[in-house]
$ cat structure.cif   # mmCIF, C-alpha atoms
data_start
#
loop_
_atom_site.label_atom_id
_atom_site.label_comp_id
_atom_site.auth_asym_id
_atom_site.auth_seq_id
_atom_site.Cartn_x
_atom_site.Cartn_y
_atom_site.Cartn_z
CA MET A 2 9.48 12.39 -24.02
CA ALA A 3 6.89 11.43 -21.39
CA ALA A 4 8.94 8.28 -20.77
CA VAL A 5 12.11 10.27 -20.08
CA ILE A 6 10.31 12.63 -17.69
CA LEU A 7 8.62 9.81 -15.77
CA ILE A 8 11.83 7.78 -15.44
CA SER A 9 13.77 10.87 -14.28
CA VAL A 10 11.12 11.63 -11.65
CA GLY A 11 11.24 8.00 -10.53
CA VAL A 12 15.01 8.03 -10.14
CA LEU A 13 14.81 11.34 -8.27
CA PHE A 14 12.28 9.91 -5.78
CA ASN A 15 14.41 6.81 -5.31
CA LEU A 16 17.30 9.17 -4.50
CA PHE A 17 15.13 10.93 -1.87
CA GLY A 18 14.25 7.55 -0.42
CA CYS A 19 17.91 6.61 -0.07
CA LEU A 20 18.68 10.03 1.43
CA GLY A 21 15.92 9.37 3.96
CA LEU A 22 17.47 6.01 4.85
CA LEU A 23 20.69 7.82 5.71
CA ARG A 24 19.32 10.94 7.43
CA LEU A 25 16.30 9.87 9.49
CA PRO A 26 17.02 8.87 13.09
CA ASP A 27 15.45 5.47 13.84
CA MET A 28 14.34 2.29 12.11
CA TYR A 29 10.64 3.24 11.98
CA ASN A 30 11.21 6.61 10.33
CA ARG A 31 13.69 5.15 7.89
CA LEU A 32 11.12 2.61 6.82
CA GLN A 33 8.71 5.46 6.07
CA ALA A 34 11.14 6.89 3.54
CA ALA A 35 11.97 3.45 2.19
CA THR A 36 8.35 2.44 1.55
CA LYS A 37 6.91 5.69 0.26
CA CYS A 38 9.57 7.29 -1.87
CA VAL A 39 10.96 4.05 -3.23
CA THR A 40 7.54 2.57 -4.08
CA LEU A 41 6.30 5.63 -5.95
CA GLY A 42 9.70 6.04 -7.56
CA CYS A 43 9.55 2.50 -8.91
CA CYS A 44 5.95 3.01 -10.05
CA SER A 45 7.00 6.12 -11.91
CA ILE A 46 9.86 4.22 -13.59
CA LEU A 47 7.47 1.41 -14.57
CA LEU A 48 5.03 3.94 -16.04
CA GLY A 49 7.92 5.40 -18.00
CA VAL A 50 8.73 1.93 -19.30
CA MET A 51 5.08 1.58 -20.32
CA PHE A 52 5.24 4.83 -22.29
CA HIS A 53 8.54 3.86 -23.87
CA PHE A 54 7.46 0.45 -25.16
CA GLY A 55 3.80 1.32 -25.81
CA LEU A 56 0.90 -0.89 -24.76
CA GLY A 57 2.47 -4.10 -25.99
CA SER A 58 3.76 -7.09 -24.09
CA ALA A 59 6.38 -5.16 -22.07
CA GLY A 60 4.02 -2.25 -21.41
CA PHE A 61 1.29 -4.47 -19.96
CA ARG A 62 3.77 -6.29 -17.77
CA ALA A 63 4.99 -2.97 -16.42
CA LEU A 64 1.39 -1.95 -15.66
CA VAL A 65 0.66 -5.25 -13.87
CA ALA A 66 3.83 -4.87 -11.81
CA ILE A 67 2.53 -1.61 -10.26
CA PRO A 68 -0.32 -3.05 -8.11
CA VAL A 69 1.84 -6.07 -7.23
CA LEU A 70 4.59 -3.71 -6.05
CA PHE A 71 2.08 -1.70 -3.99
CA PHE A 72 0.71 -4.70 -2.14
CA THR A 73 4.07 -6.35 -1.47
CA ALA A 74 5.73 -3.10 -0.36
CA THR A 75 2.99 -2.24 2.13
CA VAL A 76 2.81 -5.76 3.55
CA ALA A 77 6.62 -5.92 3.85
CA ALA A 78 6.71 -2.53 5.61
CA HIS A 79 4.04 -3.62 8.06
CA ALA A 80 5.82 -6.91 8.80
CA LEU A 81 9.19 -5.18 9.29
CA VAL A 82 7.80 -2.49 11.61
CA ARG A 83 5.90 -5.01 13.72
CA GLY A 84 8.86 -7.38 13.87
CA ALA A 85 11.23 -4.57 14.88
CA TYR A 86 8.90 -3.45 17.67
CA HIS A 87 8.50 -6.94 19.10
CA PHE A 88 12.25 -7.47 18.87
CA GLY A 89 12.70 -4.37 21.04
CA THR A 90 14.12 -1.78 18.66
CA LYS A 91 14.07 1.58 20.48
CA MET A 92 12.18 4.52 19.06
CA ASP A 93 14.03 7.81 18.64
CA LYS A 94 14.05 10.15 21.66
CA ARG A 95 12.13 12.76 19.71
CA SER A 96 9.10 10.44 19.68
CA VAL A 97 6.11 12.02 21.39
CA LYS A 98 3.67 9.15 21.78
CA ASP A 99 3.65 5.34 21.98
CA ASP A 100 0.25 3.71 22.34
CA TYR A 101 1.54 0.33 21.22
CA SER A 102 3.70 -0.23 24.34
CA GLU A 103 0.63 -0.85 26.55
CA ILE A 104 -0.28 -3.87 24.38
CA VAL A 105 3.14 -5.42 23.80
CA LYS A 106 4.70 -5.40 27.26
CA MET B 13 -18.81 -20.12 -6.86
CA ARG B 14 -15.89 -18.37 -5.18
CA TYR B 15 -13.50 -20.95 -6.61
CA VAL B 16 -14.70 -19.86 -10.06
CA THR B 17 -14.04 -16.19 -9.21
CA VAL B 18 -10.51 -16.91 -8.02
CA PHE B 19 -9.95 -19.04 -11.13
CA ILE B 20 -11.06 -16.27 -13.49
CA LEU B 21 -9.02 -13.60 -11.71
CA SER B 22 -5.84 -15.68 -11.69
CA LEU B 23 -6.29 -16.60 -15.35
CA ILE B 24 -6.64 -12.90 -16.26
CA PHE B 25 -3.51 -12.15 -14.22
CA TRP B 26 -1.60 -14.96 -15.98
CA LEU B 27 -2.63 -13.69 -19.42
CA LEU B 28 -1.58 -10.14 -18.52
CA ILE B 29 1.89 -11.08 -17.31
CA THR B 30 2.67 -13.58 -20.07
CA PHE B 31 0.82 -11.65 -22.80
CA ARG B 32 0.81 -14.40 -25.42
CA PHE B 33 -2.62 -15.51 -26.60
CA THR B 34 -1.68 -18.89 -28.06
CA VAL B 35 -3.70 -22.01 -27.23
CA SER B 36 -0.82 -23.67 -25.38
CA ASN B 37 -0.22 -20.61 -23.21
CA ILE B 38 -3.90 -20.28 -22.31
CA ALA B 39 -4.04 -24.01 -21.47
CA ALA B 40 -0.98 -23.71 -19.22
CA GLY B 41 -2.54 -20.65 -17.56
CA ALA B 42 -5.81 -22.51 -16.99
CA ALA B 43 -3.94 -25.40 -15.35
CA VAL B 44 -2.00 -23.08 -13.04
CA ALA B 45 -5.13 -21.07 -12.22
CA ALA B 46 -7.01 -24.29 -11.41
CA ILE B 47 -4.30 -25.39 -8.96
CA THR B 48 -4.20 -21.89 -7.40
CA SER B 49 -7.96 -21.70 -6.94
CA ALA B 50 -8.08 -25.24 -5.52
CA ILE B 51 -5.55 -24.29 -2.84
CA PHE B 52 -6.42 -20.66 -2.07
CA GLY B 53 -10.07 -20.45 -3.18
CA ARG B 54 -11.49 -20.91 0.30
CA TYR B 55 -9.70 -17.83 1.69
CA TYR B 56 -11.18 -15.20 -0.63
CA PHE B 57 -14.52 -13.66 -1.57
CA HIS B 58 -17.16 -14.81 0.85
CA ASN B 59 -19.85 -13.12 -1.18
CA VAL B 60 -19.24 -13.20 -4.93
CA GLY B 61 -22.45 -11.28 -5.74
CA LYS B 62 -20.69 -8.06 -4.69
CA PHE B 63 -18.68 -8.18 -7.91
CA LEU B 64 -21.84 -7.66 -9.95
CA GLN B 65 -23.03 -4.47 -8.29
CA PRO B 66 -22.10 -1.37 -10.36
CA ARG B 67 -22.43 0.91 -7.33
CA ARG B 68 -19.48 -0.85 -5.71
CA TRP B 69 -17.32 -0.41 -8.83
CA PHE B 70 -18.13 3.30 -8.84
CA TRP B 71 -16.99 3.70 -5.23
CA PHE B 72 -13.93 1.60 -6.00
CA LEU B 73 -12.95 4.07 -8.75
CA VAL B 74 -13.51 7.04 -6.41
CA TYR B 75 -11.34 5.28 -3.83
CA LEU B 76 -8.62 4.57 -6.41
CA VAL B 77 -8.39 8.23 -7.51
CA THR B 78 -8.27 9.46 -3.88
CA PHE B 79 -5.68 6.84 -3.09
CA ILE B 80 -3.34 7.75 -5.96
CA TRP B 81 -3.63 11.45 -5.09
CA ALA B 82 -2.85 10.74 -1.42
CA CYS B 83 0.09 8.61 -2.51
CA ILE B 84 1.66 11.40 -4.56
CA LYS B 85 1.10 13.84 -1.69
CA ALA B 86 2.71 11.36 0.71
CA ASN B 87 5.84 11.24 -1.42
CA PHE B 88 6.30 14.99 -1.53
CA ASP B 89 5.65 15.11 2.20
CA VAL B 90 8.33 12.53 3.04
CA ALA B 91 10.76 13.99 0.51
CA TYR B 92 10.31 17.44 2.10
CA ARG B 93 11.04 16.08 5.59
CA VAL B 94 14.12 14.27 4.33
CA ILE B 95 15.62 17.22 2.46
CA HIS B 96 14.80 19.93 5.04
CA PRO B 97 18.02 20.70 6.99
CA ALA B 98 16.26 20.72 10.40
CA MET B 99 14.24 17.54 9.62
CA PRO B 100 10.78 18.47 10.99
CA ILE B 101 9.71 15.14 12.50
CA ARG B 102 7.56 14.32 15.54
CA PRO B 103 7.25 10.53 15.36
CA GLY B 104 5.13 8.22 17.50
CA ILE B 105 2.66 5.36 17.48
CA VAL B 106 -1.02 6.28 17.76
CA LYS B 107 -4.09 4.15 18.36
CA VAL B 108 -6.99 4.52 15.93
CA LYS B 109 -10.37 2.82 16.05
CA THR B 110 -11.85 1.34 12.90
CA THR B 111 -15.47 0.60 12.15
CA LEU B 112 -14.80 -1.84 9.29
CA ARG B 113 -15.84 -5.44 9.96
CA SER B 114 -14.57 -7.76 7.22
CA ASP B 115 -10.94 -8.90 7.02
CA PHE B 116 -10.63 -7.89 3.39
CA ALA B 117 -11.79 -4.32 4.04
CA ARG B 118 -9.45 -4.02 7.04
CA THR B 119 -6.50 -5.23 4.98
CA LEU B 120 -7.27 -2.66 2.30
CA LEU B 121 -7.58 0.12 4.89
CA ALA B 122 -4.26 -0.87 6.50
CA ASN B 123 -2.57 -0.92 3.11
CA SER B 124 -4.00 2.49 2.19
CA ILE B 125 -2.83 3.96 5.49
CA THR B 126 0.67 2.63 4.88
CA MET B 127 0.86 4.39 1.53
CA THR B 128 -0.53 7.76 2.68
CA PRO B 129 1.33 10.70 4.25
CA GLY B 130 3.77 9.64 6.93
CA THR B 131 1.92 6.65 8.36
CA ILE B 132 2.62 2.91 8.60
CA THR B 133 0.21 0.38 10.09
CA VAL B 134 2.03 -1.56 12.81
CA ASP B 135 -0.70 -3.90 14.05
CA ILE B 136 -4.44 -4.51 14.24
CA ILE B 137 -5.77 -5.87 17.52
CA GLY B 138 -9.54 -6.20 17.74
CA ASP B 139 -11.02 -2.91 16.58
CA GLU B 140 -7.87 -0.89 17.12
CA MET B 141 -5.15 -0.13 14.62
CA TYR B 142 -1.70 0.91 15.81
CA ILE B 143 -0.10 3.35 13.42
CA HIS B 144 3.40 4.79 13.32
CA TRP B 145 3.24 8.43 12.29
CA ILE B 146 6.25 10.48 11.24
CA TYR B 147 4.72 13.81 12.27
CA ILE B 148 1.90 13.74 14.81
CA ARG B 149 -0.18 16.82 14.04
CA SER B 150 -2.59 16.73 16.95
CA GLU B 151 -2.88 15.38 20.49
CA ASP B 152 -6.64 14.81 20.36
CA PRO B 153 -7.58 11.20 19.43
CA ALA B 154 -10.76 12.25 17.58
CA VAL B 155 -8.87 14.72 15.41
CA TYR B 156 -5.96 12.50 14.48
CA SER B 157 -8.16 9.44 13.82
CA ARG B 158 -9.93 11.52 11.22
CA MET B 159 -6.58 12.62 9.72
CA VAL B 160 -5.17 9.11 9.51
CA THR B 161 -8.10 7.17 8.11
CA GLY B 162 -9.21 10.16 6.06
CA ARG B 163 -11.91 9.44 3.53
CA PHE B 164 -10.60 5.94 2.85
CA GLU B 165 -12.66 4.35 5.57
CA GLU B 166 -16.02 5.49 4.20
CA TYR B 167 -15.13 4.67 0.60
CA ILE B 168 -13.86 1.18 1.51
CA LYS B 169 -17.01 0.67 3.57
CA LYS B 170 -19.10 1.48 0.52
CA PHE B 171 -17.44 -0.97 -1.88
CA ALA B 172 -15.96 -3.78 0.22
CA GLU B 173 -18.27 -4.33 3.16
#
$ encode --input "structure.cif" --output "structure tokens"
Amino acid sequence: MAAVILISVGVLFNLFGCLGLLRLPDMYNRLQAATKCVTLGCCSILLGVMFHFGLGSAGFRALVAIPVLFFTATVAAHALVRGAYHFGTKMDKRSVKDDYSEIVK
Amino acid sequence: MRYVTVFILSLIFWLLITFRFTVSNIAAGAAVAAITSAIFGRYYFHNVGKFLQPRRWFWFLVYLVTFIWACIKANFDVAYRVIHPAMPIRPGIVKVKTTLRSDFARTLLANSITMTPGTITVDIIGDEMYIHWIYIRSEDPAVYSRMVTGRFEEYIKKFAE
């Protein structure tokens, strides 16, 4: 039962993440949705897998995958955002502040 | 000494992901861990004694709980902004000063900021972190620095510095 709930929540958050990819205006905001919703969605699915299989071989692997996913997702997000900025991707016109421009240009 | 620490940690990681406690598997894991620690050992853990201080483990647990809670909050926050028909966003990149010294602590802080509500670390130059924020709540640098780094900075300082 707990497994079903956790996996459903995970799929729902992944859906929100994809919706964010479509709706948000620029690359930086889209990446926010992609890292946050999708990472926690996947963690929730992995926790569901852990509950489903119990603390055996599959369950432990699912648990170990969670911190690995966290570190890789954050590092990937950072690298993508920095790369996009240096490449010259424009920020959305609703942006109110850009302290980074004084360093890069 | 730090080669030994990296060796032990990678062996534990190997045993967790393979999850077979036969002699051949442990021997294979030890070989792989030895190669890993020979190559990467010099990059990690400049002071191994920190692992043996219980106070640091306590603050690590406090940090972990705060971090998971902030993570869940972050998800609802982003989900709300995505679903809301008017999309309440006010994005921008802000500059935040950090007081952490060691590379490891700074990496952890940057990672925590990326996972918490609406913020992604773009770059660290010297003492300053550049952070993309999906909804800038305040114009005052002192106020928003506090909001971005939150309590993470003091907790990380207590267990990693």
$ residues_around --input "structure.cif" --residues "Met2 of chain A" --least-positions-apart "4" --cutoff "12 Å" --atoms "all atoms listed in the file" --output "list in words"
Ile6, Leu7, Ile8, Ser9, Gly49, Val50, Phe52 and His53 of chain A
$ resolve_selection --input "structure.cif" --expression "the PyMOL selection byres ((chain B) within 6 of (chain A))" --output "VMD selection string"
chain B and resid 29 31 87 91 94 102 to 107 123 133 to 134
$ resolve_selection --input "structure.cif" --expression "the PyMOL selection byres ((chain B and resi 75) around 10)" --output "list in words"
Trp69, Phe70, Trp71, Phe72, Leu73, Val74, Leu76, Val77, Thr78, Phe79, Ile80, Trp81, Ser124, Arg163, Phe164, Glu165, Glu166, Tyr167, Ile168, Lys170 and Phe171 of chain B
$ atom_distance --input "structure.cif" --atom1 "atom CA of Ser36 of chain B" --atom2 "atom CA of Ala50 of chain B"
21.2 Å
$ closest_residue --input "structure.cif" --among "B:Leu23, B:Ile125, B:Met13, B:Val155" --to "Ile38 of chain B" --atoms "only C-alpha atoms"
B:Leu23
$ residues_near_point --input "structure.cif" --point "(-3.5, -4.1, 19.7)" --cutoff "9 Å" --atoms "all atoms listed in the file" --output "list in words"
Tyr101, Glu103, Ile104 and Val105 of chain A; Lys107, Asp135, Ile136, Ile137, Gly138, Asp139, Glu140, Met141 and Tyr142 of chain B
$ axis_aligned_box --input "structure.cif" --around "segment 65-72 of chain B" --padding-each-side "3 Å" --output "AutoDock Vina command-line options"
--center_x -18.5 --center_y -0.4 --center_z -7.8 --size_x 15.1 --size_y 14.2 --size_z 11.1
$ closest_residue --input "structure.cif" --among "B:Cys83, B:Val108, B:Ile148, B:Ile20" --to "Thr128 of chain B" --atoms "only C-alpha atoms"
B:Cys83
$ atom_distance --input "structure.cif" --atom1 "atom CA of Cys43 of chain A" --atom2 "atom CA of Pro100 of chain B"
25.5 Å
$ residues_around --input "structure.cif" --residues "Pro129 of chain B" --least-positions-apart "2" --cutoff "7 Å" --atoms "all atoms listed in the file" --output "list in words"
Lys85, Ala86, Asp89, Met127 and Thr131 of chain B
$ write_last_selection --input "structure.cif" --atoms "C-alpha atoms" --output "short mmCIF file (atom, residue, chain, number, x, y, z; two decimals), keeping the file's coordinate frame"
data_model
loop_
_atom_site.label_atom_id
_atom_site.label_comp_id
_atom_site.auth_asym_id
_atom_site.auth_seq_id
_atom_site.Cartn_x
_atom_site.Cartn_y
_atom_site.Cartn_z
CA LYS B 85 1.10 13.84 -1.69
CA ALA B 86 2.71 11.36 0.71
CA ASP B 89 5.65 15.11 2.20
CA MET B 127 0.86 4.39 1.53
CA THR B 131 1.92 6.65 8.36
#
$ resolve_selection --input "structure.cif" --expression "the PyMOL selection byres ((chain B and resi 112) around 10)" --output "ChimeraX atom specification"
/B:109-111,113-119,121,139,165-166,168-169,172-173
$ residues_near_point --input "structure.cif" --point "(-12.3, -20.8, -11.3)" --cutoff "12 Å" --atoms "only C-alpha atoms" --output "NGL selection string"
:B and (13-24 or 41-54)
$ atom_distance --input "structure.cif" --atom1 "atom CA of Thr30 of chain B" --atom2 "atom CA of Gly11 of chain A"
25.1 Å
$ closest_residue --input "structure.cif" --among "B:Gln65, B:Ile146, B:Ala40, B:Gly162" --to "Met28 of chain A" --atoms "all atoms listed in the file"
B:Ile146
$ build_atoms --input "structure.cif" --residues "segment 24-50 of chain A" --atoms "N, CA and C atoms" --output "CSV table (one decimal), in the coordinates of the input"
chain,number,residue,atom,x,y,z
A,24,ARG,N,19.5,9.8,6.5
A,24,ARG,CA,19.3,10.9,7.4
A,24,ARG,C,18.4,10.7,8.6
A,25,LEU,N,17.3,10.0,8.4
A,25,LEU,CA,16.3,9.9,9.5
A,25,LEU,C,16.9,9.1,10.7
A,26,PRO,N,16.3,9.4,11.9
A,26,PRO,CA,17.0,8.9,13.1
A,26,PRO,C,16.8,7.4,13.4
A,27,ASP,N,15.6,6.9,13.4
A,27,ASP,CA,15.4,5.5,13.8
A,27,ASP,C,14.8,4.6,12.8
A,28,MET,N,14.8,3.3,13.1
A,28,MET,CA,14.3,2.3,12.1
A,28,MET,C,12.9,2.6,11.5
A,29,TYR,N,12.0,3.0,12.4
A,29,TYR,CA,10.6,3.2,12.0
A,29,TYR,C,10.5,4.4,11.0
A,30,ASN,N,11.3,5.5,11.2
A,30,ASN,CA,11.2,6.6,10.3
A,30,ASN,C,11.9,6.3,9.0
A,31,ARG,N,13.0,5.5,9.1
A,31,ARG,CA,13.7,5.2,7.9
A,31,ARG,C,12.8,4.3,7.0
A,32,LEU,N,12.0,3.4,7.6
A,32,LEU,CA,11.1,2.6,6.8
A,32,LEU,C,10.1,3.4,6.1
A,33,GLN,N,9.7,4.6,6.7
A,33,GLN,CA,8.7,5.5,6.1
A,33,GLN,C,9.3,5.9,4.7
A,34,ALA,N,10.5,6.4,4.8
A,34,ALA,CA,11.1,6.9,3.5
A,34,ALA,C,11.3,5.7,2.6
A,35,ALA,N,11.7,4.6,3.1
A,35,ALA,CA,12.0,3.4,2.2
A,35,ALA,C,10.7,3.0,1.5
A,36,THR,N,9.6,2.9,2.2
A,36,THR,CA,8.4,2.4,1.6
A,36,THR,C,7.8,3.5,0.6
A,37,LYS,N,7.7,4.7,1.1
A,37,LYS,CA,6.9,5.7,0.3
A,37,LYS,C,7.7,6.1,-1.0
A,38,CYS,N,8.8,6.7,-0.7
A,38,CYS,CA,9.6,7.3,-1.9
A,38,CYS,C,10.0,6.2,-2.8
A,39,VAL,N,10.5,5.1,-2.3
A,39,VAL,CA,11.0,4.0,-3.2
A,39,VAL,C,9.8,3.4,-4.0
A,40,THR,N,8.7,3.2,-3.3
A,40,THR,CA,7.5,2.6,-4.1
A,40,THR,C,7.1,3.5,-5.2
A,41,LEU,N,6.8,4.8,-4.9
A,41,LEU,CA,6.3,5.6,-6.0
A,41,LEU,C,7.4,5.9,-7.0
A,42,GLY,N,8.6,5.9,-6.6
A,42,GLY,CA,9.7,6.0,-7.6
A,42,GLY,C,9.7,4.9,-8.5
A,43,CYS,N,9.6,3.7,-8.0
A,43,CYS,CA,9.6,2.5,-8.9
A,43,CYS,C,8.3,2.5,-9.8
A,44,CYS,N,7.2,2.9,-9.2
A,44,CYS,CA,6.0,3.0,-10.0
A,44,CYS,C,6.1,4.0,-11.2
A,45,SER,N,6.8,5.1,-10.9
A,45,SER,CA,7.0,6.1,-11.9
A,45,SER,C,7.9,5.6,-13.0
A,46,ILE,N,9.0,4.8,-12.6
A,46,ILE,CA,9.9,4.2,-13.6
A,46,ILE,C,9.1,3.2,-14.5
A,47,LEU,N,8.2,2.4,-13.8
A,47,LEU,CA,7.5,1.4,-14.6
A,47,LEU,C,6.5,2.1,-15.6
A,48,LEU,N,5.9,3.2,-15.1
A,48,LEU,CA,5.0,3.9,-16.0
A,48,LEU,C,5.8,4.5,-17.2
A,49,GLY,N,7.0,4.9,-16.9
A,49,GLY,CA,7.9,5.4,-18.0
A,49,GLY,C,8.2,4.3,-19.0
A,50,VAL,N,8.5,3.1,-18.4
A,50,VAL,CA,8.7,1.9,-19.3
A,50,VAL,C,7.5,1.7,-20.2
